[in-house]
Every structure is written in structure tokens, then in C-alpha cells.
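Structure file start_31.pdb (PDB, N, CA and C atoms) is printed below.
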```pdb
MODEL        1
ATOM      1  N   MET A  19      23.764   1.803 -17.679  1.00  0.00           N
ATOM      2  CA  MET A  19      22.848   0.860 -18.256  1.00  0.00           C
ATOM      3  C   MET A  19      23.604  -0.434 -18.540  1.00  0.00           C
ATOM      4  N   LYS A  20      22.984  -1.539 -18.181  1.00  0.00           N
ATOM      5  CA  LYS A  20      23.572  -2.846 -18.447  1.00  0.00           C
ATOM      6  C   LYS A  20      23.229  -3.288 -19.869  1.00  0.00           C
ATOM      7  N   PRO A  21      23.958  -4.252 -20.412  1.00  0.00           N
ATOM      8  CA  PRO A  21      23.680  -4.718 -21.765  1.00  0.00           C
ATOM      9  C   PRO A  21      22.268  -5.293 -21.959  1.00  0.00           C
ATOM     10  N   ASN A  22      21.644  -5.817 -20.893  1.00  0.00           N
ATOM     11  CA  ASN A  22      20.301  -6.390 -21.016  1.00  0.00           C
ATOM     12  C   ASN A  22      19.191  -5.343 -20.898  1.00  0.00           C
ATOM     13  N   GLY A  23      19.538  -4.074 -20.799  1.00  0.00           N
ATOM     14  CA  GLY A  23      18.542  -3.008 -20.743  1.00  0.00           C
ATOM     15  C   GLY A  23      18.174  -2.564 -19.339  1.00  0.00           C
ATOM     16  N   THR A  24      18.748  -3.176 -18.330  1.00  0.00           N
ATOM     17  CA  THR A  24      18.481  -2.783 -16.950  1.00  0.00           C
ATOM     18  C   THR A  24      19.268  -1.520 -16.623  1.00  0.00           C
ATOM     19  N   ILE A  25      18.607  -0.589 -15.959  1.00  0.00           N
ATOM     20  CA  ILE A  25      19.230   0.683 -15.599  1.00  0.00           C
ATOM     21  C   ILE A  25      19.571   0.669 -14.112  1.00  0.00           C
ATOM     22  N   LEU A  26      20.787   1.024 -13.796  1.00  0.00           N
ATOM     23  CA  LEU A  26      21.228   1.103 -12.405  1.00  0.00           C
ATOM     24  C   LEU A  26      20.901   2.487 -11.868  1.00  0.00           C
ATOM     25  N   LEU A  27      20.318   2.521 -10.688  1.00  0.00           N
ATOM     26  CA  LEU A  27      19.925   3.789 -10.071  1.00  0.00           C
ATOM     27  C   LEU A  27      20.783   4.069  -8.845  1.00  0.00           C
ATOM     28  N   GLU A  28      21.080   5.335  -8.641  1.00  0.00           N
ATOM     29  CA  GLU A  28      21.675   5.786  -7.391  1.00  0.00           C
ATOM     30  C   GLU A  28      21.246   7.228  -7.185  1.00  0.00           C
ATOM     31  N   ALA A  29      20.611   7.464  -6.055  1.00  0.00           N
ATOM     32  CA  ALA A  29      20.156   8.814  -5.721  1.00  0.00           C
ATOM     33  C   ALA A  29      20.640   9.138  -4.311  1.00  0.00           C
ATOM     34  N   ARG A  30      20.956  10.394  -4.095  1.00  0.00           N
ATOM     35  CA  ARG A  30      21.452  10.823  -2.796  1.00  0.00           C
ATOM     36  C   ARG A  30      20.774  12.131  -2.429  1.00  0.00           C
ATOM     37  N   LYS A  31      20.363  12.230  -1.156  1.00  0.00           N
ATOM     38  CA  LYS A  31      19.758  13.469  -0.662  1.00  0.00           C
ATOM     39  C   LYS A  31      20.385  13.805   0.681  1.00  0.00           C
ATOM     40  N   VAL A  32      20.800  15.049   0.829  1.00  0.00           N
ATOM     41  CA  VAL A  32      21.414  15.523   2.067  1.00  0.00           C
ATOM     42  C   VAL A  32      20.526  16.602   2.652  1.00  0.00           C
ATOM     43  N   ILE A  33      20.239  16.464   3.947  1.00  0.00           N
ATOM     44  CA  ILE A  33      19.456  17.466   4.671  1.00  0.00           C
ATOM     45  C   ILE A  33      20.317  17.955   5.826  1.00  0.00           C
ATOM     46  N   GLN A  34      20.560  19.259   5.853  1.00  0.00           N
ATOM     47  CA  GLN A  34      21.349  19.845   6.919  1.00  0.00           C
ATOM     48  C   GLN A  34      20.519  20.912   7.606  1.00  0.00           C
ATOM     49  N   ASN A  35      20.368  20.756   8.915  1.00  0.00           N
ATOM     50  CA  ASN A  35      19.566  21.670   9.697  1.00  0.00           C
ATOM     51  C   ASN A  35      20.382  22.088  10.914  1.00  0.00           C
ATOM     52  N   GLN A  36      20.878  23.283  10.915  1.00  0.00           N
ATOM     53  CA  GLN A  36      21.743  23.815  11.971  1.00  0.00           C
ATOM     54  C   GLN A  36      22.911  22.861  12.197  1.00  0.00           C
ATOM     55  N   ASP A  37      22.960  22.166  13.332  1.00  0.00           N
ATOM     56  CA  ASP A  37      24.094  21.290  13.636  1.00  0.00           C
ATOM     57  C   ASP A  37      23.836  19.832  13.264  1.00  0.00           C
ATOM     58  N   ASP A  38      22.691  19.531  12.690  1.00  0.00           N
ATOM     59  CA  ASP A  38      22.356  18.145  12.361  1.00  0.00           C
ATOM     60  C   ASP A  38      22.488  17.896  10.864  1.00  0.00           C
ATOM     61  N   TYR A  39      22.853  16.662  10.540  1.00  0.00           N
ATOM     62  CA  TYR A  39      23.138  16.282   9.162  1.00  0.00           C
ATOM     63  C   TYR A  39      22.538  14.904   8.908  1.00  0.00           C
ATOM     64  N   SER A  40      21.737  14.772   7.861  1.00  0.00           N
ATOM     65  CA  SER A  40      21.165  13.483   7.465  1.00  0.00           C
ATOM     66  C   SER A  40      21.441  13.277   5.984  1.00  0.00           C
ATOM     67  N   GLU A  41      21.855  12.060   5.639  1.00  0.00           N
ATOM     68  CA  GLU A  41      22.109  11.717   4.240  1.00  0.00           C
ATOM     69  C   GLU A  41      21.359  10.428   3.917  1.00  0.00           C
ATOM     70  N   TYR A  42      20.553  10.475   2.870  1.00  0.00           N
ATOM     71  CA  TYR A  42      19.801   9.318   2.403  1.00  0.00           C
ATOM     72  C   TYR A  42      20.386   8.879   1.068  1.00  0.00           C
ATOM     73  N   THR A  43      20.609   7.574   0.907  1.00  0.00           N
ATOM     74  CA  THR A  43      21.122   7.038  -0.339  1.00  0.00           C
ATOM     75  C   THR A  43      20.209   5.910  -0.795  1.00  0.00           C
ATOM     76  N   LEU A  44      19.766   5.978  -2.043  1.00  0.00           N
ATOM     77  CA  LEU A  44      18.909   4.955  -2.635  1.00  0.00           C
ATOM     78  C   LEU A  44      19.660   4.334  -3.801  1.00  0.00           C
ATOM     79  N   THR A  45      19.713   3.003  -3.837  1.00  0.00           N
ATOM     80  CA  THR A  45      20.306   2.288  -4.962  1.00  0.00           C
ATOM     81  C   THR A  45      19.366   1.174  -5.380  1.00  0.00           C
ATOM     82  N   GLY A  46      19.422   0.814  -6.642  1.00  0.00           N
ATOM     83  CA  GLY A  46      18.591  -0.265  -7.147  1.00  0.00           C
ATOM     84  C   GLY A  46      18.715  -0.401  -8.649  1.00  0.00           C
ATOM     85  N   GLU A  47      17.885  -1.282  -9.211  1.00  0.00           N
ATOM     86  CA  GLU A  47      17.872  -1.543 -10.642  1.00  0.00           C
ATOM     87  C   GLU A  47      16.438  -1.501 -11.136  1.00  0.00           C
ATOM     88  N   VAL A  48      16.239  -0.997 -12.351  1.00  0.00           N
ATOM     89  CA  VAL A  48      14.905  -0.950 -12.944  1.00  0.00           C
ATOM     90  C   VAL A  48      15.021  -1.295 -14.428  1.00  0.00           C
ATOM     91  N   ARG A  49      14.061  -2.055 -14.923  1.00  0.00           N
ATOM     92  CA  ARG A  49      14.050  -2.394 -16.348  1.00  0.00           C
ATOM     93  C   ARG A  49      13.649  -1.166 -17.151  1.00  0.00           C
ATOM     94  N   SER A  50      14.207  -1.034 -18.331  1.00  0.00           N
ATOM     95  CA  SER A  50      13.886   0.128 -19.154  1.00  0.00           C
ATOM     96  C   SER A  50      12.412   0.133 -19.558  1.00  0.00           C
ATOM     97  N   SER A  51      11.773  -1.034 -19.618  1.00  0.00           N
ATOM     98  CA  SER A  51      10.351  -1.095 -19.966  1.00  0.00           C
ATOM     99  C   SER A  51       9.459  -0.590 -18.838  1.00  0.00           C
ATOM    100  N   ASP A  52       9.986  -0.506 -17.609  1.00  0.00           N
ATOM    101  CA  ASP A  52       9.212  -0.033 -16.460  1.00  0.00           C
ATOM    102  C   ASP A  52       9.305   1.480 -16.262  1.00  0.00           C
ATOM    103  N   ILE A  53      10.055   2.159 -17.112  1.00  0.00           N
ATOM    104  CA  ILE A  53      10.187   3.613 -17.003  1.00  0.00           C
ATOM    105  C   ILE A  53       9.071   4.272 -17.800  1.00  0.00           C
ATOM    106  N   ASN A  54       8.350   5.174 -17.157  1.00  0.00           N
ATOM    107  CA  ASN A  54       7.227   5.880 -17.775  1.00  0.00           C
ATOM    108  C   ASN A  54       7.726   6.927 -18.768  1.00  0.00           C
ATOM    109  N   PRO A  55       6.842   7.406 -19.647  1.00  0.00           N
ATOM    110  CA  PRO A  55       7.254   8.430 -20.621  1.00  0.00           C
ATOM    111  C   PRO A  55       7.801   9.713 -19.992  1.00  0.00           C
ATOM    112  N   ASP A  56       7.403  10.015 -18.749  1.00  0.00           N
ATOM    113  CA  ASP A  56       7.915  11.214 -18.082  1.00  0.00           C
ATOM    114  C   ASP A  56       9.181  10.932 -17.268  1.00  0.00           C
ATOM    115  N   ASN A  57       9.882   9.836 -17.597  1.00  0.00           N
ATOM    116  CA  ASN A  57      11.158   9.442 -16.967  1.00  0.00           C
ATOM    117  C   ASN A  57      11.030   9.158 -15.478  1.00  0.00           C
ATOM    118  N   THR A  58       9.915   8.585 -15.061  1.00  0.00           N
ATOM    119  CA  THR A  58       9.731   8.169 -13.678  1.00  0.00           C
ATOM    120  C   THR A  58       9.504   6.669 -13.648  1.00  0.00           C
ATOM    121  N   ALA A  59       9.724   6.090 -12.489  1.00  0.00           N
ATOM    122  CA  ALA A  59       9.480   4.663 -12.291  1.00  0.00           C
ATOM    123  C   ALA A  59       8.861   4.476 -10.918  1.00  0.00           C
ATOM    124  N   SER A  60       7.941   3.551 -10.812  1.00  0.00           N
ATOM    125  CA  SER A  60       7.306   3.256  -9.531  1.00  0.00           C
ATOM    126  C   SER A  60       8.287   2.522  -8.630  1.00  0.00           C
ATOM    127  N   SER A  61       8.203   2.777  -7.351  1.00  0.00           N
ATOM    128  CA  SER A  61       9.107   2.101  -6.416  1.00  0.00           C
ATOM    129  C   SER A  61       8.874   0.595  -6.391  1.00  0.00           C
ATOM    130  N   GLU A  62       7.698   0.158  -6.803  1.00  0.00           N
ATOM    131  CA  GLU A  62       7.410  -1.277  -6.869  1.00  0.00           C
ATOM    132  C   GLU A  62       8.262  -1.973  -7.921  1.00  0.00           C
ATOM    133  N   ASN A  63       8.733  -1.235  -8.916  1.00  0.00           N
ATOM    134  CA  ASN A  63       9.482  -1.815 -10.025  1.00  0.00           C
ATOM    135  C   ASN A  63      10.992  -1.767  -9.830  1.00  0.00           C
ATOM    136  N   ILE A  64      11.456  -1.301  -8.691  1.00  0.00           N
ATOM    137  CA  ILE A  64      12.889  -1.216  -8.437  1.00  0.00           C
ATOM    138  C   ILE A  64      13.345  -2.514  -7.776  1.00  0.00           C
ATOM    139  N   ALA A  65      14.240  -3.220  -8.454  1.00  0.00           N
ATOM    140  CA  ALA A  65      14.789  -4.464  -7.908  1.00  0.00           C
ATOM    141  C   ALA A  65      16.037  -4.150  -7.094  1.00  0.00           C
ATOM    142  N   ASN A  66      16.322  -5.004  -6.128  1.00  0.00           N
ATOM    143  CA  ASN A  66      17.504  -4.844  -5.260  1.00  0.00           C
ATOM    144  C   ASN A  66      17.534  -3.462  -4.615  1.00  0.00           C
ATOM    145  N   LEU A  67      16.375  -2.998  -4.212  1.00  0.00           N
ATOM    146  CA  LEU A  67      16.268  -1.668  -3.618  1.00  0.00           C
ATOM    147  C   LEU A  67      16.960  -1.637  -2.264  1.00  0.00           C
ATOM    148  N   GLN A  68      17.781  -0.628  -2.078  1.00  0.00           N
ATOM    149  CA  GLN A  68      18.459  -0.430  -0.804  1.00  0.00           C
ATOM    150  C   GLN A  68      18.408   1.053  -0.471  1.00  0.00           C
ATOM    151  N   ILE A  69      17.909   1.354   0.736  1.00  0.00           N
ATOM    152  CA  ILE A  69      17.856   2.735   1.210  1.00  0.00           C
ATOM    153  C   ILE A  69      18.672   2.808   2.494  1.00  0.00           C
ATOM    154  N   VAL A  70      19.642   3.703   2.521  1.00  0.00           N
ATOM    155  CA  VAL A  70      20.537   3.855   3.674  1.00  0.00           C
ATOM    156  C   VAL A  70      20.388   5.273   4.209  1.00  0.00           C
ATOM    157  N   LYS A  71      20.272   5.388   5.538  1.00  0.00           N
ATOM    158  CA  LYS A  71      20.165   6.690   6.187  1.00  0.00           C
ATOM    159  C   LYS A  71      21.330   6.843   7.158  1.00  0.00           C
ATOM    160  N   LYS A  72      22.086   7.923   7.008  1.00  0.00           N
ATOM    161  CA  LYS A  72      23.194   8.223   7.909  1.00  0.00           C
ATOM    162  C   LYS A  72      22.896   9.545   8.589  1.00  0.00           C
ATOM    163  N   GLN A  73      23.121   9.592   9.906  1.00  0.00           N
ATOM    164  CA  GLN A  73      22.839  10.813  10.659  1.00  0.00           C
ATOM    165  C   GLN A  73      24.039  11.197  11.512  1.00  0.00           C
ATOM    166  N   GLN A  74      24.177  12.492  11.726  1.00  0.00           N
ATOM    167  CA  GLN A  74      25.176  13.050  12.625  1.00  0.00           C
ATOM    168  C   GLN A  74      24.590  14.309  13.239  1.00  0.00           C
ATOM    169  N   GLY A  75      25.090  14.669  14.392  1.00  0.00           N
ATOM    170  CA  GLY A  75      24.668  15.926  14.991  1.00  0.00           C
ATOM    171  C   GLY A  75      24.237  15.777  16.434  1.00  0.00           C
ATOM    172  N   ARG A  76      23.893  16.898  17.025  1.00  0.00           N
ATOM    173  CA  ARG A  76      23.530  16.920  18.446  1.00  0.00           C
ATOM    174  C   ARG A  76      22.221  16.199  18.738  1.00  0.00           C
ATOM    175  N   VAL A  77      21.207  16.407  17.911  1.00  0.00           N
ATOM    176  CA  VAL A  77      19.919  15.764  18.161  1.00  0.00           C
ATOM    177  C   VAL A  77      20.056  14.260  18.049  1.00  0.00           C
ATOM    178  N   TYR A  78      20.761  13.782  17.033  1.00  0.00           N
ATOM    179  CA  TYR A  78      20.966  12.341  16.871  1.00  0.00           C
ATOM    180  C   TYR A  78      21.769  11.772  18.042  1.00  0.00           C
ATOM    181  N   ALA A  79      22.798  12.465  18.460  1.00  0.00           N
ATOM    182  CA  ALA A  79      23.627  11.998  19.572  1.00  0.00           C
ATOM    183  C   ALA A  79      22.834  11.970  20.879  1.00  0.00           C
ATOM    184  N   SER A  80      21.870  12.863  21.040  1.00  0.00           N
ATOM    185  CA  SER A  80      21.098  12.900  22.289  1.00  0.00           C
ATOM    186  C   SER A  80      20.126  11.733  22.393  1.00  0.00           C
ATOM    187  N   THR A  81      19.835  11.051  21.297  1.00  0.00           N
ATOM    188  CA  THR A  81      18.911   9.912  21.352  1.00  0.00           C
ATOM    189  C   THR A  81      19.605   8.612  21.703  1.00  0.00           C
ATOM    190  N   LYS A  82      20.935   8.597  21.698  1.00  0.00           N
ATOM    191  CA  LYS A  82      21.680   7.386  22.055  1.00  0.00           C
ATOM    192  C   LYS A  82      21.702   7.226  23.571  1.00  0.00           C
ATOM    193  N   ARG A  83      21.572   5.978  23.996  1.00  0.00           N
ATOM    194  CA  ARG A  83      21.633   5.713  25.431  1.00  0.00           C
ATOM    195  C   ARG A  83      23.087   5.514  25.850  1.00  0.00           C
ATOM    196  N   ASN A  84      23.423   5.911  27.068  1.00  0.00           N
ATOM    197  CA  ASN A  84      24.806   5.809  27.513  1.00  0.00           C
ATOM    198  C   ASN A  84      25.182   4.351  27.795  1.00  0.00           C
ATOM    199  N   TRP A  85      26.461   4.112  28.023  1.00  0.00           N
ATOM    200  CA  TRP A  85      26.968   2.750  28.148  1.00  0.00           C
ATOM    201  C   TRP A  85      26.421   2.040  29.379  1.00  0.00           C
ATOM    202  N   GLY A  86      26.134   2.770  30.449  1.00  0.00           N
ATOM    203  CA  GLY A  86      25.617   2.141  31.678  1.00  0.00           C
ATOM    204  C   GLY A  86      24.240   1.535  31.472  1.00  0.00           C
ATOM    205  N   VAL A  87      23.373   2.242  30.803  1.00  0.00           N
ATOM    206  CA  VAL A  87      22.026   1.736  30.528  1.00  0.00           C
ATOM    207  C   VAL A  87      22.090   0.549  29.575  1.00  0.00           C
ATOM    208  N   ARG A  88      22.971   0.616  28.590  1.00  0.00           N
ATOM    209  CA  ARG A  88      23.114  -0.504  27.650  1.00  0.00           C
ATOM    210  C   ARG A  88      23.645  -1.742  28.355  1.00  0.00           C
ATOM    211  N   LEU A  89      24.553  -1.571  29.325  1.00  0.00           N
ATOM    212  CA  LEU A  89      25.075  -2.695  30.088  1.00  0.00           C
ATOM    213  C   LEU A  89      23.985  -3.332  30.943  1.00  0.00           C
ATOM    214  N   LEU A  90      23.170  -2.515  31.589  1.00  0.00           N
ATOM    215  CA  LEU A  90      22.054  -3.053  32.377  1.00  0.00           C
ATOM    216  C   LEU A  90      21.065  -3.812  31.494  1.00  0.00           C
ATOM    217  N   ASP A  91      20.782  -3.311  30.317  1.00  0.00           N
ATOM    218  CA  ASP A  91      19.882  -4.007  29.393  1.00  0.00           C
ATOM    219  C   ASP A  91      20.464  -5.330  28.942  1.00  0.00           C
ATOM    220  N   PHE A  92      21.782  -5.386  28.781  1.00  0.00           N
ATOM    221  CA  PHE A  92      22.444  -6.633  28.375  1.00  0.00           C
ATOM    222  C   PHE A  92      22.385  -7.669  29.496  1.00  0.00           C
ATOM    223  N   LEU A  93      22.638  -7.230  30.726  1.00  0.00           N
ATOM    224  CA  LEU A  93      22.656  -8.147  31.863  1.00  0.00           C
ATOM    225  C   LEU A  93      21.259  -8.580  32.294  1.00  0.00           C
ATOM    226  N   SER A  94      20.289  -7.698  32.184  1.00  0.00           N
ATOM    227  CA  SER A  94      18.925  -7.997  32.594  1.00  0.00           C
ATOM    228  C   SER A  94      17.960  -7.468  31.531  1.00  0.00           C
ATOM    229  N   PRO A  95      17.747  -8.242  30.457  1.00  0.00           N
ATOM    230  CA  PRO A  95      16.941  -7.728  29.352  1.00  0.00           C
ATOM    231  C   PRO A  95      15.454  -7.582  29.639  1.00  0.00           C
ATOM    232  N   PHE A  96      14.955  -8.233  30.691  1.00  0.00           N
ATOM    233  CA  PHE A  96      13.497  -8.154  30.933  1.00  0.00           C
ATOM    234  C   PHE A  96      13.167  -7.491  32.217  1.00  0.00           C
TER     235      PHE A  96
ENDMDL
END
```
As C-alpha cells, the full file:
Amino acid sequence: MKPNGTILLEARKVIQNQDDYSEYTLTGEVRSSDINPDNTASSENIANLQIVKKQQGRVYASTKRNWGVRLLDFLSPF
């Protein structure tokens, strides 16, 4: 908590499914007056909201295009 009453948030969620791994990280700030009595806050009230998704695994790797296709797209984008 900052001296002005703003609360810093950081939440992390990891999902692991067989060989695949996904990690979601949420960071932001919320005023203490925007927190409900049940200790929840609406996403509309989160300032400086940042959501980051990191993935690893076979399924994620299979969606990447190889270097040859990327080179052709660079040389002839249309």
C-alpha cells in the first residue's frame, strides 16, 4: 500500500497441461475507496493495468512459422 492509499496489485496464474505451460501475470493499482466490502475490485477501477501471458510447450511451438516463411513475408508482404 502506498502512503496515499493506493494499493498495488500483482496476481499470477499458472496453467500446466501435459507438455504445455502458460503463465498469466496481472499488475496494476487500485484506490482503497474502489475496493468493495467483499475485498473485490472491478477491472474498470484498476489503473496502469498490465496483463502478460507467457507460453511454452509443444502446442505453442507448433503455431510458430519457420524462418523460410517469415523471410518470404518480409521480402513480399502482399
Evaluate the PyMOL selection byres ((chain A and resi 69-74) around 5) and record the selected residues as a PDB file with N, CA and C atoms, keeping the file's coordinate frame, following the chain and residue labels used in the document.
```
ATOM      1  N   ASP A  38      22.691  19.531  12.690  1.00  0.00           N
ATOM      2  CA  ASP A  38      22.356  18.145  12.361  1.00  0.00           C
ATOM      3  C   ASP A  38      22.488  17.896  10.864  1.00  0.00           C
ATOM      4  N   TYR A  39      22.853  16.662  10.540  1.00  0.00           N
ATOM      5  CA  TYR A  39      23.138  16.282   9.162  1.00  0.00           C
ATOM      6  C   TYR A  39      22.538  14.904   8.908  1.00  0.00           C
ATOM      7  N   SER A  40      21.737  14.772   7.861  1.00  0.00           N
ATOM      8  CA  SER A  40      21.165  13.483   7.465  1.00  0.00           C
ATOM      9  C   SER A  40      21.441  13.277   5.984  1.00  0.00           C
ATOM     10  N   GLU A  41      21.855  12.060   5.639  1.00  0.00           N
ATOM     11  CA  GLU A  41      22.109  11.717   4.240  1.00  0.00           C
ATOM     12  C   GLU A  41      21.359  10.428   3.917  1.00  0.00           C
ATOM     13  N   TYR A  42      20.553  10.475   2.870  1.00  0.00           N
ATOM     14  CA  TYR A  42      19.801   9.318   2.403  1.00  0.00           C
ATOM     15  C   TYR A  42      20.386   8.879   1.068  1.00  0.00           C
ATOM     16  N   THR A  43      20.609   7.574   0.907  1.00  0.00           N
ATOM     17  CA  THR A  43      21.122   7.038  -0.339  1.00  0.00           C
ATOM     18  C   THR A  43      20.209   5.910  -0.795  1.00  0.00           C
ATOM     19  N   LEU A  44      19.766   5.978  -2.043  1.00  0.00           N
ATOM     20  CA  LEU A  44      18.909   4.955  -2.635  1.00  0.00           C
ATOM     21  C   LEU A  44      19.660   4.334  -3.801  1.00  0.00           C
ATOM     22  N   LEU A  67      16.375  -2.998  -4.212  1.00  0.00           N
ATOM     23  CA  LEU A  67      16.268  -1.668  -3.618  1.00  0.00           C
ATOM     24  C   LEU A  67      16.960  -1.637  -2.264  1.00  0.00           C
ATOM     25  N   GLN A  68      17.781  -0.628  -2.078  1.00  0.00           N
ATOM     26  CA  GLN A  68      18.459  -0.430  -0.804  1.00  0.00           C
ATOM     27  C   GLN A  68      18.408   1.053  -0.471  1.00  0.00           C
ATOM     28  N   GLY A  75      25.090  14.669  14.392  1.00  0.00           N
ATOM     29  CA  GLY A  75      24.668  15.926  14.991  1.00  0.00           C
ATOM     30  C   GLY A  75      24.237  15.777  16.434  1.00  0.00           C
ATOM     31  N   ARG A  76      23.893  16.898  17.025  1.00  0.00           N
ATOM     32  CA  ARG A  76      23.530  16.920  18.446  1.00  0.00           C
ATOM     33  C   ARG A  76      22.221  16.199  18.738  1.00  0.00           C
TER      34      ARG A  76
END
```
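Here the DSSP assignment of helix (DSSP H, G or I), based on backbone atoms, applies within chain A to Ser50, Ser51, Asp52, Ser61, Glu62, Asn63, Arg76, Val77, Tyr78, Ala79, Ser80, Trp85, Gly86, Val87, Arg88, Leu89, Leu90, Asp91, Phe92 and Leu93 of chain A.
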- Kindly resolve the PyMOL selection byres ((chain A and resi 23) around 6.5) on the present coordinates and return the residues as a VMD selection string. chain A and resid 19 to 22 24 to 25 48 to 50
How big is the axis-aligned box around all listed atoms of segment 68-87 of chain A once 3 Å goes on each side, and where's its centre, in Å to one decimal, as JSON?
```
{"center_x": 22.4, "center_y": 8.1, "center_z": 14.8, "size_x": 15.2, "size_y": 23.5, "size_z": 39.8}
```
- Query: Quick one, how far is atom CA of Asn63 of chain A from atom N of Ala29 of chain A?
  - Reply: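 Pair atom CA of Asn63 of chain A / atom N of Ala29 of chain A returns 15.0 Å.
Straight-line separation from atom CA of Asp52 of chain A to atom CA of Asn66 of chain A: 14.7 Å.
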- Item | Distance of atom CA of Tyr78 of chain A from atom CA of Glu28 of chain A, expressed in Å to one decimal place |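 These two atoms are separated by 25.1 Å.
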Enumerate as a compact mmCIF listing (two decimals) with N, CA and C atoms, keeping the file's coordinate frame all residues of chain A assigned to strand (DSSP E or B) by DSSP on the backbone, naming them with the chain letters and numbers the document uses.
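Listing of states03.txt after writing:
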```txt
# COMPACT_ATOMS: atom_id res chain seq x y z
N THR A 24 18.75 -3.18 -18.33
CA THR A 24 18.48 -2.78 -16.95
C THR A 24 19.27 -1.52 -16.62
N ILE A 25 18.61 -0.59 -15.96
CA ILE A 25 19.23 0.68 -15.60
C ILE A 25 19.57 0.67 -14.11
N LEU A 26 20.79 1.02 -13.80
CA LEU A 26 21.23 1.10 -12.40
C LEU A 26 20.90 2.49 -11.87
N LEU A 27 20.32 2.52 -10.69
CA LEU A 27 19.92 3.79 -10.07
C LEU A 27 20.78 4.07 -8.85
N GLU A 28 21.08 5.34 -8.64
CA GLU A 28 21.68 5.79 -7.39
C GLU A 28 21.25 7.23 -7.18
N ALA A 29 20.61 7.46 -6.06
CA ALA A 29 20.16 8.81 -5.72
C ALA A 29 20.64 9.14 -4.31
N ARG A 30 20.96 10.39 -4.10
CA ARG A 30 21.45 10.82 -2.80
C ARG A 30 20.77 12.13 -2.43
N LYS A 31 20.36 12.23 -1.16
CA LYS A 31 19.76 13.47 -0.66
C LYS A 31 20.39 13.80 0.68
N VAL A 32 20.80 15.05 0.83
CA VAL A 32 21.41 15.52 2.07
C VAL A 32 20.53 16.60 2.65
N ILE A 33 20.24 16.46 3.95
CA ILE A 33 19.46 17.47 4.67
C ILE A 33 20.32 17.95 5.83
N GLN A 34 20.56 19.26 5.85
CA GLN A 34 21.35 19.84 6.92
C GLN A 34 20.52 20.91 7.61
N ASN A 35 20.37 20.76 8.91
CA ASN A 35 19.57 21.67 9.70
C ASN A 35 20.38 22.09 10.91
N ASP A 38 22.69 19.53 12.69
CA ASP A 38 22.36 18.14 12.36
C ASP A 38 22.49 17.90 10.86
N TYR A 39 22.85 16.66 10.54
CA TYR A 39 23.14 16.28 9.16
C TYR A 39 22.54 14.90 8.91
N SER A 40 21.74 14.77 7.86
CA SER A 40 21.16 13.48 7.46
C SER A 40 21.44 13.28 5.98
N GLU A 41 21.86 12.06 5.64
CA GLU A 41 22.11 11.72 4.24
C GLU A 41 21.36 10.43 3.92
N TYR A 42 20.55 10.48 2.87
CA TYR A 42 19.80 9.32 2.40
C TYR A 42 20.39 8.88 1.07
N THR A 43 20.61 7.57 0.91
CA THR A 43 21.12 7.04 -0.34
C THR A 43 20.21 5.91 -0.80
N LEU A 44 19.77 5.98 -2.04
CA LEU A 44 18.91 4.96 -2.64
C LEU A 44 19.66 4.33 -3.80
N THR A 45 19.71 3.00 -3.84
CA THR A 45 20.31 2.29 -4.96
C THR A 45 19.37 1.17 -5.38
N GLY A 46 19.42 0.81 -6.64
CA GLY A 46 18.59 -0.26 -7.15
C GLY A 46 18.72 -0.40 -8.65
N GLU A 47 17.89 -1.28 -9.21
CA GLU A 47 17.87 -1.54 -10.64
C GLU A 47 16.44 -1.50 -11.14
N VAL A 48 16.24 -1.00 -12.35
CA VAL A 48 14.90 -0.95 -12.94
C VAL A 48 15.02 -1.30 -14.43
N ARG A 49 14.06 -2.06 -14.92
CA ARG A 49 14.05 -2.39 -16.35
C ARG A 49 13.65 -1.17 -17.15
N ALA A 65 14.24 -3.22 -8.45
CA ALA A 65 14.79 -4.46 -7.91
C ALA A 65 16.04 -4.15 -7.09
N ASN A 66 16.32 -5.00 -6.13
CA ASN A 66 17.50 -4.84 -5.26
C ASN A 66 17.53 -3.46 -4.62
N LEU A 67 16.38 -3.00 -4.21
CA LEU A 67 16.27 -1.67 -3.62
C LEU A 67 16.96 -1.64 -2.26
N GLN A 68 17.78 -0.63 -2.08
CA GLN A 68 18.46 -0.43 -0.80
C GLN A 68 18.41 1.05 -0.47
N ILE A 69 17.91 1.35 0.74
CA ILE A 69 17.86 2.74 1.21
C ILE A 69 18.67 2.81 2.49
N VAL A 70 19.64 3.70 2.52
CA VAL A 70 20.54 3.86 3.67
C VAL A 70 20.39 5.27 4.21
N LYS A 71 20.27 5.39 5.54
CA LYS A 71 20.16 6.69 6.19
C LYS A 71 21.33 6.84 7.16
N LYS A 72 22.09 7.92 7.01
CA LYS A 72 23.19 8.22 7.91
C LYS A 72 22.90 9.54 8.59
N GLN A 73 23.12 9.59 9.91
CA GLN A 73 22.84 10.81 10.66
C GLN A 73 24.04 11.20 11.51
N GLN A 74 24.18 12.49 11.73
CA GLN A 74 25.18 13.05 12.62
C GLN A 74 24.59 14.31 13.24
```
Reconstruct segment 82-87 of chain A at the level of N, CA, C and O atoms, and format the result as a short mmCIF file (atom, residue, chain, number, x, y, z; two decimals), keeping the file's coordinate frame.
```cif
data_model
loop_
_atom_site.label_atom_id
_atom_site.label_comp_id
_atom_site.auth_asym_id
_atom_site.auth_seq_id
_atom_site.Cartn_x
_atom_site.Cartn_y
_atom_site.Cartn_z
N LYS A 82 20.94 8.60 21.70
CA LYS A 82 21.68 7.39 22.06
C LYS A 82 21.70 7.23 23.57
O LYS A 82 21.83 8.20 24.32
N ARG A 83 21.57 5.98 24.00
CA ARG A 83 21.63 5.71 25.43
C ARG A 83 23.09 5.51 25.85
O ARG A 83 23.89 4.98 25.10
N ASN A 84 23.42 5.91 27.07
CA ASN A 84 24.81 5.81 27.51
C ASN A 84 25.18 4.35 27.80
O ASN A 84 24.34 3.46 27.84
N TRP A 85 26.46 4.11 28.02
CA TRP A 85 26.97 2.75 28.15
C TRP A 85 26.42 2.04 29.38
O TRP A 85 26.25 0.83 29.38
N GLY A 86 26.13 2.77 30.45
CA GLY A 86 25.62 2.14 31.68
C GLY A 86 24.24 1.54 31.47
O GLY A 86 23.96 0.41 31.91
N VAL A 87 23.37 2.24 30.80
CA VAL A 87 22.03 1.74 30.53
C VAL A 87 22.09 0.55 29.58
O VAL A 87 21.39 -0.46 29.75
#
```
